[in-house]
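Have a look at protein-v4.txt; it's compact mmCIF, C-alpha atoms:
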```txt
# COMPACT_ATOMS: atom_id res chain seq x y z
CA MET A 1 105.48 104.51 39.50
CA GLU A 2 103.61 106.19 36.68
CA LYS A 3 104.84 109.24 34.81
CA ILE A 4 103.75 112.51 36.43
CA ASN A 5 103.27 115.69 34.47
CA ARG A 6 104.30 118.43 36.86
CA THR A 7 102.09 121.47 36.92
CA GLU A 8 103.36 125.03 37.21
CA VAL A 9 104.54 126.14 40.62
CA PRO A 10 101.71 127.85 42.53
CA ASP A 11 102.24 131.62 42.57
CA TRP A 12 102.10 131.82 46.35
CA LEU A 13 104.95 129.28 46.61
CA LYS A 14 107.00 130.78 43.79
CA GLU A 15 107.38 134.01 45.75
CA LYS A 16 108.90 132.57 48.93
CA TRP A 17 110.51 129.15 48.34
CA GLN A 18 114.10 130.40 48.16
CA GLU A 19 113.84 132.62 51.23
CA ARG A 20 112.24 129.79 53.22
CA GLY A 21 114.92 127.34 52.05
CA GLU A 22 117.63 129.69 53.27
CA LYS A 23 115.86 130.01 56.65
CA TRP A 24 115.60 126.21 56.92
CA GLN A 25 119.24 125.78 55.94
CA SER A 26 120.31 128.16 58.70
CA LYS A 27 118.04 126.57 61.30
CA TYR A 28 118.97 122.98 60.40
CA ALA A 29 122.70 123.82 60.33
CA SER A 30 122.48 124.99 63.92
CA THR A 31 120.20 122.27 65.36
CA LYS A 32 120.61 119.21 63.03
CA LYS A 33 117.02 118.31 63.95
CA SER A 34 114.73 117.59 61.02
CA LYS A 35 111.73 117.69 63.37
CA ASP A 36 112.24 121.47 63.55
CA PHE A 37 111.02 121.77 59.94
CA GLN A 38 107.78 123.66 59.53
CA TRP A 39 105.43 124.44 56.69
CA TYR A 40 104.89 128.16 56.35
CA ARG A 41 101.79 129.87 55.09
CA ASN A 42 101.93 132.53 52.39
CA LYS A 43 98.85 134.45 51.33
CA ASN A 44 96.91 132.09 53.63
CA GLN A 45 98.17 129.04 51.76
CA GLY A 46 100.46 126.29 53.02
CA TYR A 47 100.64 122.53 53.61
CA ASP A 48 96.98 121.73 52.90
CA GLU A 49 97.05 123.66 49.64
CA LEU A 50 100.28 121.90 48.61
CA VAL A 51 98.67 118.52 49.28
CA HIS A 52 95.68 119.58 47.19
CA GLU A 53 97.89 120.72 44.27
CA LEU A 54 99.99 117.54 44.42
CA SER A 55 96.87 115.36 44.72
CA GLU A 56 95.37 116.88 41.60
CA MET A 57 98.68 116.47 39.78
CA THR A 58 98.82 112.72 40.61
CA GLN A 59 95.04 112.08 40.44
CA TYR A 60 95.23 111.18 44.17
CA HIS A 61 97.84 108.42 43.69
CA CYS A 62 101.08 108.04 45.60
CA SER A 63 103.79 109.37 43.30
CA PHE A 64 105.95 106.28 43.82
CA CYS A 65 103.86 103.16 44.48
CA ASP A 66 100.61 104.42 42.92
CA ALA A 67 98.60 103.66 46.08
CA TYR A 68 95.10 105.07 45.62
CA PRO A 69 93.15 107.02 46.77
CA MET A 70 95.48 109.16 48.82
CA GLY A 71 93.82 111.09 51.60
CA SER A 72 90.47 109.37 51.96
CA ARG A 73 91.71 105.79 52.44
CA ILE A 74 95.49 106.05 52.53
CA PRO A 75 97.35 108.55 54.74
CA HIS A 76 99.46 110.95 52.72
CA SER A 77 102.34 113.31 53.19
CA ILE A 78 104.60 115.48 51.11
CA GLU A 79 107.81 113.77 50.08
CA HIS A 80 110.96 115.81 49.62
CA PHE A 81 112.55 113.91 46.73
CA LYS A 82 115.92 115.38 47.67
CA PRO A 83 115.78 115.22 51.49
CA LYS A 84 115.50 118.56 53.23
CA THR A 85 118.31 117.57 55.60
CA LYS A 86 120.78 116.98 52.77
CA PHE A 87 119.48 119.65 50.40
CA PRO A 88 118.09 122.32 52.75
CA LEU A 89 117.87 125.03 50.09
CA LEU A 90 115.39 122.81 48.18
CA ALA A 91 113.13 122.27 51.22
CA TYR A 92 110.40 124.50 49.77
CA GLN A 93 111.02 124.06 46.04
CA TRP A 94 107.99 122.91 44.06
CA ASP A 95 109.96 120.50 41.84
CA ASN A 96 111.17 118.69 44.97
CA PHE A 97 107.65 117.88 46.27
CA PHE A 98 105.66 114.72 45.61
CA LEU A 99 102.46 113.34 47.11
CA CYS A 100 103.49 110.22 48.97
CA CYS A 101 101.98 107.45 51.07
CA GLY A 102 103.27 106.67 54.54
CA ILE A 103 105.17 103.62 53.33
CA CYS A 104 107.05 105.37 50.53
CA GLN A 105 107.73 108.20 52.99
CA LYS A 106 109.94 105.74 54.90
CA LYS A 107 112.65 106.61 52.37
CA GLY A 108 113.45 109.33 54.89
CA ASP A 109 116.80 111.02 54.38
CA HIS A 110 118.12 108.40 51.97
CA PHE A 111 119.00 109.64 48.52
CA ASP A 112 120.99 108.54 45.52
CA GLU A 113 121.59 110.66 42.42
CA ASP A 114 120.37 107.70 40.33
CA LEU A 115 116.97 107.57 42.07
CA LEU A 116 114.21 107.75 39.47
CA LYS A 117 112.06 110.86 39.55
CA PRO A 118 108.54 110.27 38.18
CA ASP A 119 108.23 113.75 36.69
CA ALA A 120 111.55 113.64 34.82
CA GLU A 121 111.12 114.47 31.16
CA ASN A 122 112.49 111.12 29.94
CA TYR A 123 110.92 108.94 32.65
CA ASP A 124 108.89 105.98 31.37
CA PHE A 125 107.80 103.13 33.66
CA ASP A 126 108.31 100.45 30.99
CA LYS A 127 111.86 101.63 30.29
CA TYR A 128 112.92 100.85 33.85
CA PHE A 129 110.51 98.29 35.33
CA ASP A 130 108.74 94.99 34.77
CA ILE A 131 106.22 93.31 37.03
CA LYS A 132 106.43 89.62 37.98
CA TRP A 133 102.71 88.97 37.73
CA ASP A 134 102.86 85.68 39.62
CA THR A 135 104.21 87.47 42.73
CA GLY A 136 103.36 91.13 42.05
CA GLU A 137 106.98 92.14 42.56
CA LEU A 138 108.42 95.08 40.71
CA ILE A 139 111.74 94.22 39.05
CA PRO A 140 114.20 96.09 36.82
CA ASN A 141 113.48 95.72 33.12
CA SER A 142 115.91 93.07 31.87
CA ASP A 143 116.07 94.82 28.48
CA ALA A 144 117.22 98.08 30.07
CA SER A 145 120.83 99.18 30.17
CA GLU A 146 122.89 98.19 33.20
CA LYS A 147 122.71 101.77 34.49
CA ASP A 148 118.92 101.92 34.07
CA GLN A 149 118.53 98.57 35.85
CA ARG A 150 120.61 99.95 38.72
CA ARG A 151 118.39 103.05 38.84
CA ALA A 152 115.31 100.83 39.02
CA GLU A 153 116.86 98.72 41.81
CA ILE A 154 117.69 101.85 43.83
CA THR A 155 114.16 103.19 43.41
CA ILE A 156 112.56 99.87 44.38
CA ARG A 157 114.77 99.62 47.48
CA LEU A 158 114.52 103.22 48.73
CA TYR A 159 110.75 103.51 48.22
CA LYS A 160 110.18 99.95 49.47
CA LEU A 161 108.14 99.16 46.37
CA ASN A 162 108.16 95.40 47.07
CA GLU A 163 107.41 95.62 50.79
CA TYR A 164 104.38 96.14 53.05
CA GLY A 165 101.94 94.28 50.80
CA LYS A 166 102.60 96.31 47.68
CA PRO A 167 103.13 93.22 45.49
CA ASP A 168 99.72 91.91 46.65
CA ASP A 169 98.16 95.27 45.74
CA ARG A 170 99.58 94.95 42.21
CA ILE A 171 98.06 91.48 41.85
CA GLU A 172 94.69 92.83 43.04
CA GLU A 173 94.89 95.62 40.44
CA LEU A 174 95.62 93.03 37.75
CA LYS A 175 92.52 91.07 38.76
CA LYS A 176 90.38 94.19 38.35
```
Translate the structure described by the file into structure tokens.
Amino acid sequence: MEKINRTEVPDWLKEKWQERGEKWQSKYASTKKSKDFQWYRNKNQGYDELVHELSEMTQYHCSFCDAYPMGSRIPHSIEHFKPKTKFPLLAYQWDNFFLCCGICQKKGDHFDEDLLKPDAENYDFDKYFDIKWDTGELIPNSDASEKDQRRAEITIRLYKLNEYGKPDDRIEELKK
């Protein structure tokens, strides 16, 4: 989970995110069905343009497991860091969006305030994580504070960073 430098919110999204979040909050409150969520278009821009912006921001890597290249080889989606079902007003907020692979997307509606956010100002991979190079597993940095180790554990668990062959992918990257 490399550090991401978040770009400025696209103008077309800046204009409507709050209004759309309020609409989603009202709709979700009445139905409680997350499948009713929809991506709106504004000035002829919407989901595809968001994916493009997020892809450029992450150099086509998954924001959480660094799977690459997103789109051409690995299916992608837009992750709501704070789930749209628990934080409906943030459903269209730029700072809540990350490019994500299908495996990391399995986080679903799970959230913990201690979850690491790769675009946070003070985020640094080495501060929180180590890699067991014999197995490829991601582990909390043993030199980190107890709280930071807990944050790493939560992030590893919620984004399934040691599942679905991801440790093997890390070993393959090391070999390259």
Discussion item. Report as a VMD selection string all protein, DNA and RNA residues lying within 12 Å of Leu99 of chain A, evaluated on all atoms listed in the file, omitting residues in the same chain fewer than 5 positions from it.
Written reply: chain A and resid 4 6 47 to 71 74 to 81 94 104 to 105 118 to 119
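One finds atom CA of Gly165 of chain A at 10.2 Å from atom CA of Ile103 of chain A.
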Every residue with an atom at most 6 Å from (112.6, 102.9, 42.8) (file coordinates; all atoms listed in the file) is what I'm after, so could you write them as a PDB file with C-alpha atoms, keeping the file's coordinate frame?
```
ATOM      1  CA  ALA A 152     115.310 100.830  39.020  1.00  0.00           C
ATOM      2  CA  ILE A 154     117.690 101.850  43.830  1.00  0.00           C
ATOM      3  CA  THR A 155     114.160 103.190  43.410  1.00  0.00           C
ATOM      4  CA  ILE A 156     112.560  99.870  44.380  1.00  0.00           C
ATOM      5  CA  TYR A 159     110.750 103.510  48.220  1.00  0.00           C
TER       6      TYR A 159
END
```
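For the set A:Ser34, A:Thr7, A:Gln149, A:Asn162, the residue with the smallest atom-to-atom gap to Pro88 of chain A is A:Ser34, counting only C-alpha atoms.
Across the model, the gap from atom CA of Asn96 of chain A to atom CA of Glu8 of chain A is 12.7 Å.
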